[in-house]
Amino acid sequence: MEAVRVSFLSTTPSLVSLAPVPVPDPSLNPISTSIAANRPLSRAGAIRCSKAQSVGVSFEPGFHRRDVLKCIGATVGLELLASSGSWVEMASAADLIQRRQRSEFLSSIKDTLYGAIKGNPELVPSMLTLALNDIMTYDKATKSGGPNGSIRFSSELSRPENKGLSAAVSLLDEAKKEIDSYSKGGPISYSDLIQCAAQSAVKSTFLAAAIRKCGGNEEKGRTLYGAYGSNGQWGLFDRQFGRSDAEEPDPEGRVPFWEKASLQEMKDKFKAVGFGPRQLAVMSAFLGPDQNATEALLVTDPDVSPWVQKYQRSRETVSQTDYEVDLITTLTKLSCLGQQINYEAYTYPVKRIELNKLKL
């Protein structure tokens, strides 16, 4: 007697291909039986499901429904994998289109904010504090607050810690109108707008420092900043673009009044959101209108002082590398606390071109 081994070929559309394979009687020659059982399949590209049943010394041809279902499942899986290439290509193309849309929109936003800040340089310190105070409502325990644009609400903006920031908000209101007018993917959120404005303000301070080092020559200062500056370090910050706006003010009592806060209060607040003396020192320009006065206070603390001195020395160098890189890194991390970034924000459907309607 001989057993039947069922072969299911993934290249065939039906279950008709059943190939009988003779198997020697194990009682007669166990060695040949082992060789036959372990012989590699000779048909390339085939999936073979085998089932041999024995009762006593006889074998009956047949297979179980379970084995056929396994074969079908394997075949369907392979066919899906084989046909998935086109879907992957389509998804990749769509992703590239969305990235380009977001990149172009962000570039336009930067141009608008650069113009607004350049025309109002006196608001740079307020713009930095505005961004930090919007961030510092973040509560680590409840995962609430953070850079969600809630500071735009008059009831939050009028709090003591936000004194003097209304002019910066008014400037951003005007910038938002312009940005929304050319946006193809919906209005920009205040949370994105405020953090992007902080980025533009920081860049303006970096550029201003380069111009000062060139004796006030703007052209040479721009060349210096382009050659040695930190523009290339903003990549991760730019990707964190798609923050959601809060629908109501954040709770009171979460943000210190930086100009009147004690050094310990500042340290405690930074610690509460997951940061330490190093980040406190590098964010000194965000803690009030006078960075020098702020650093004069910070340097009195033994934990913060080494970092303050490190960044002061760095600002005296041509490139300011340590200061600029650490500031960008810290702002990037702070600017997305508690946020779930929507990486499809501001994208829009691309209009299809109907080739049959083109006039040649």
# chains A, B, ... in the order shown; residues from 1 in each chain; ligands from 1
call {"tool": "residues_around", "arguments": {"residues": "region 334-336 of chain A", "least_positions_apart": "6", "cutoff": "12 Å", "atoms": "only C-alpha atoms", "output": "MDAnalysis selection string"}}
result
chainID A and resid 128 130:138 143:149 191:199 236:244 270 273:275 279:280 283 327:328 342
call {"tool": "select_by_dssp", "arguments": {"residues": "region 194-247 of chain A", "states": "helix (DSSP H, G or I)", "output": "number ranges by chain"}}
result
A: 194-213, 218-228, 231-239
call {"tool": "write_last_selection", "arguments": {"atoms": "N, CA, C and O atoms", "output": "short mmCIF file (atom, residue, chain, number, x, y, z; two decimals), in the first residue's frame"}}
result
data_model
loop_
_atom_site.label_atom_id
_atom_site.label_comp_id
_atom_site.auth_asym_id
_atom_site.auth_seq_id
_atom_site.Cartn_x
_atom_site.Cartn_y
_atom_site.Cartn_z
N ILE A 194 2.42 80.38 17.96
CA ILE A 194 3.20 80.92 19.07
C ILE A 194 4.59 80.31 19.12
O ILE A 194 5.59 81.01 19.32
N GLN A 195 4.68 78.99 18.92
CA GLN A 195 5.99 78.34 18.97
C GLN A 195 6.84 78.69 17.74
O GLN A 195 8.06 78.85 17.85
N CYS A 196 6.21 78.80 16.59
CA CYS A 196 6.94 79.22 15.39
C CYS A 196 7.44 80.65 15.53
O CYS A 196 8.54 80.99 15.05
N ALA A 197 6.65 81.50 16.18
CA ALA A 197 7.07 82.88 16.43
C ALA A 197 8.27 82.90 17.37
O ALA A 197 9.20 83.71 17.20
N ALA A 198 8.28 82.02 18.36
CA ALA A 198 9.43 81.94 19.26
C ALA A 198 10.67 81.51 18.49
O ALA A 198 11.78 82.03 18.72
N GLN A 199 10.50 80.56 17.57
CA GLN A 199 11.63 80.14 16.75
C GLN A 199 12.18 81.31 15.94
O GLN A 199 13.39 81.53 15.89
N SER A 200 11.29 82.08 15.32
CA SER A 200 11.72 83.24 14.53
C SER A 200 12.41 84.28 15.41
O SER A 200 13.40 84.90 15.01
N ALA A 201 11.88 84.46 16.63
CA ALA A 201 12.49 85.42 17.56
C ALA A 201 13.88 84.97 17.98
O ALA A 201 14.82 85.77 18.06
N VAL A 202 14.04 83.68 18.24
CA VAL A 202 15.35 83.14 18.62
C VAL A 202 16.34 83.33 17.48
O VAL A 202 17.49 83.76 17.68
N LYS A 203 15.91 83.00 16.27
CA LYS A 203 16.79 83.18 15.11
C LYS A 203 17.20 84.64 14.96
O LYS A 203 18.34 84.93 14.58
N SER A 204 16.29 85.55 15.24
CA SER A 204 16.61 86.97 15.11
C SER A 204 17.69 87.38 16.12
O SER A 204 18.54 88.21 15.83
N THR A 205 17.66 86.77 17.32
CA THR A 205 18.69 87.08 18.30
C THR A 205 20.04 86.50 17.88
O THR A 205 21.09 87.12 18.08
N PHE A 206 20.02 85.30 17.28
CA PHE A 206 21.26 84.70 16.77
C PHE A 206 21.85 85.57 15.67
O PHE A 206 23.06 85.82 15.64
N LEU A 207 20.99 86.02 14.75
CA LEU A 207 21.46 86.86 13.65
C LEU A 207 21.97 88.19 14.16
O LEU A 207 23.01 88.69 13.69
N ALA A 208 21.26 88.78 15.11
CA ALA A 208 21.69 90.06 15.67
C ALA A 208 23.07 89.94 16.32
O ALA A 208 23.91 90.85 16.20
N ALA A 209 23.33 88.83 16.99
CA ALA A 209 24.63 88.61 17.61
C ALA A 209 25.72 88.52 16.55
O ALA A 209 26.83 89.05 16.72
N ALA A 210 25.43 87.85 15.43
CA ALA A 210 26.41 87.73 14.34
C ALA A 210 26.70 89.09 13.72
O ALA A 210 27.85 89.40 13.39
N ILE A 211 25.67 89.91 13.58
CA ILE A 211 25.86 91.26 13.01
C ILE A 211 26.71 92.11 13.94
O ILE A 211 27.60 92.86 13.49
N ARG A 212 26.48 92.00 15.25
CA ARG A 212 27.30 92.76 16.20
C ARG A 212 28.77 92.36 16.12
O ARG A 212 29.66 93.20 16.21
N LYS A 213 29.00 91.06 15.93
CA LYS A 213 30.38 90.59 15.84
C LYS A 213 31.06 91.04 14.56
O LYS A 213 32.30 90.95 14.44
N GLU A 218 25.39 94.34 8.39
CA GLU A 218 24.34 93.31 8.28
C GLU A 218 24.70 92.24 7.26
O GLU A 218 24.47 91.04 7.49
N GLU A 219 25.27 92.66 6.13
CA GLU A 219 25.61 91.69 5.09
C GLU A 219 26.65 90.69 5.59
O GLU A 219 26.51 89.48 5.40
N LYS A 220 27.68 91.21 6.24
CA LYS A 220 28.71 90.31 6.78
C LYS A 220 28.16 89.45 7.91
O LYS A 220 28.54 88.29 8.05
N GLY A 221 27.26 90.05 8.71
CA GLY A 221 26.66 89.28 9.80
C GLY A 221 25.83 88.12 9.28
O GLY A 221 25.87 87.01 9.83
N ARG A 222 25.10 88.36 8.20
CA ARG A 222 24.31 87.28 7.60
C ARG A 222 25.22 86.19 7.04
O ARG A 222 24.91 85.00 7.14
N THR A 223 26.31 86.63 6.44
CA THR A 223 27.26 85.65 5.91
C THR A 223 27.85 84.81 7.04
O THR A 223 28.00 83.59 6.93
N LEU A 224 28.20 85.49 8.13
CA LEU A 224 28.76 84.78 9.29
C LEU A 224 27.76 83.79 9.86
O LEU A 224 28.11 82.63 10.14
N TYR A 225 26.52 84.22 10.01
CA TYR A 225 25.50 83.33 10.57
C TYR A 225 25.21 82.16 9.62
O TYR A 225 25.00 81.03 10.05
N GLY A 226 25.22 82.45 8.33
CA GLY A 226 24.99 81.38 7.36
C GLY A 226 26.10 80.35 7.37
O GLY A 226 25.86 79.15 7.17
N ALA A 227 27.33 80.81 7.63
CA ALA A 227 28.48 79.90 7.60
C ALA A 227 28.65 79.13 8.91
O ALA A 227 29.00 77.95 8.91
N TYR A 228 28.41 79.81 10.04
CA TYR A 228 28.69 79.20 11.34
C TYR A 228 27.46 79.02 12.22
O TYR A 228 27.55 78.45 13.30
N ASN A 231 21.34 77.01 11.80
CA ASN A 231 20.10 76.78 11.06
C ASN A 231 19.80 75.31 10.85
O ASN A 231 18.64 74.88 10.86
N GLY A 232 20.85 74.53 10.65
CA GLY A 232 20.65 73.10 10.40
C GLY A 232 20.17 72.31 11.59
O GLY A 232 19.83 71.13 11.46
N GLN A 233 20.11 72.93 12.77
CA GLN A 233 19.72 72.22 13.99
C GLN A 233 18.21 72.27 14.24
O GLN A 233 17.73 71.69 15.21
N TRP A 234 17.47 72.96 13.38
CA TRP A 234 16.04 73.16 13.62
C TRP A 234 15.15 72.07 13.02
O TRP A 234 13.93 72.17 13.07
N GLY A 235 15.74 71.05 12.45
CA GLY A 235 14.95 70.05 11.72
C GLY A 235 13.87 69.40 12.56
O GLY A 235 12.71 69.32 12.14
N LEU A 236 14.22 68.94 13.77
CA LEU A 236 13.23 68.27 14.62
C LEU A 236 12.15 69.24 15.07
O LEU A 236 10.97 68.89 15.12
N PHE A 237 12.53 70.46 15.38
CA PHE A 237 11.54 71.47 15.76
C PHE A 237 10.52 71.66 14.64
O PHE A 237 9.31 71.71 14.88
N ASP A 238 11.00 71.75 13.41
CA ASP A 238 10.10 71.97 12.27
C ASP A 238 9.15 70.80 12.06
O ASP A 238 8.03 70.98 11.58
N ARG A 239 9.59 69.60 12.41
CA ARG A 239 8.71 68.43 12.23
C ARG A 239 7.59 68.39 13.27
O ARG A 239 6.55 67.76 13.04
#
call {"tool": "atom_distance", "arguments": {"atom1": "CA of Val350 (chain A)", "atom2": "CA of Ile109 (chain A)"}}
result
20.6 Å
call {"tool": "atom_distance", "arguments": {"atom1": "CA of Gly338 (chain A)", "atom2": "CA of Arg159 (chain A)"}}
result
22.0 Å
call {"tool": "atom_distance", "arguments": {"atom1": "CA of Tyr348 (chain A)", "atom2": "CA of Tyr190 (chain A)"}}
result
19.5 Å
call {"tool": "residues_around", "arguments": {"residues": "Pro277 (chain A)", "least_positions_apart": "3", "cutoff": "9 Å", "atoms": "only C-alpha atoms", "output": "PyMOL selection string"}}
result
chain A and resi 267+270-271+280-282+303-305+307
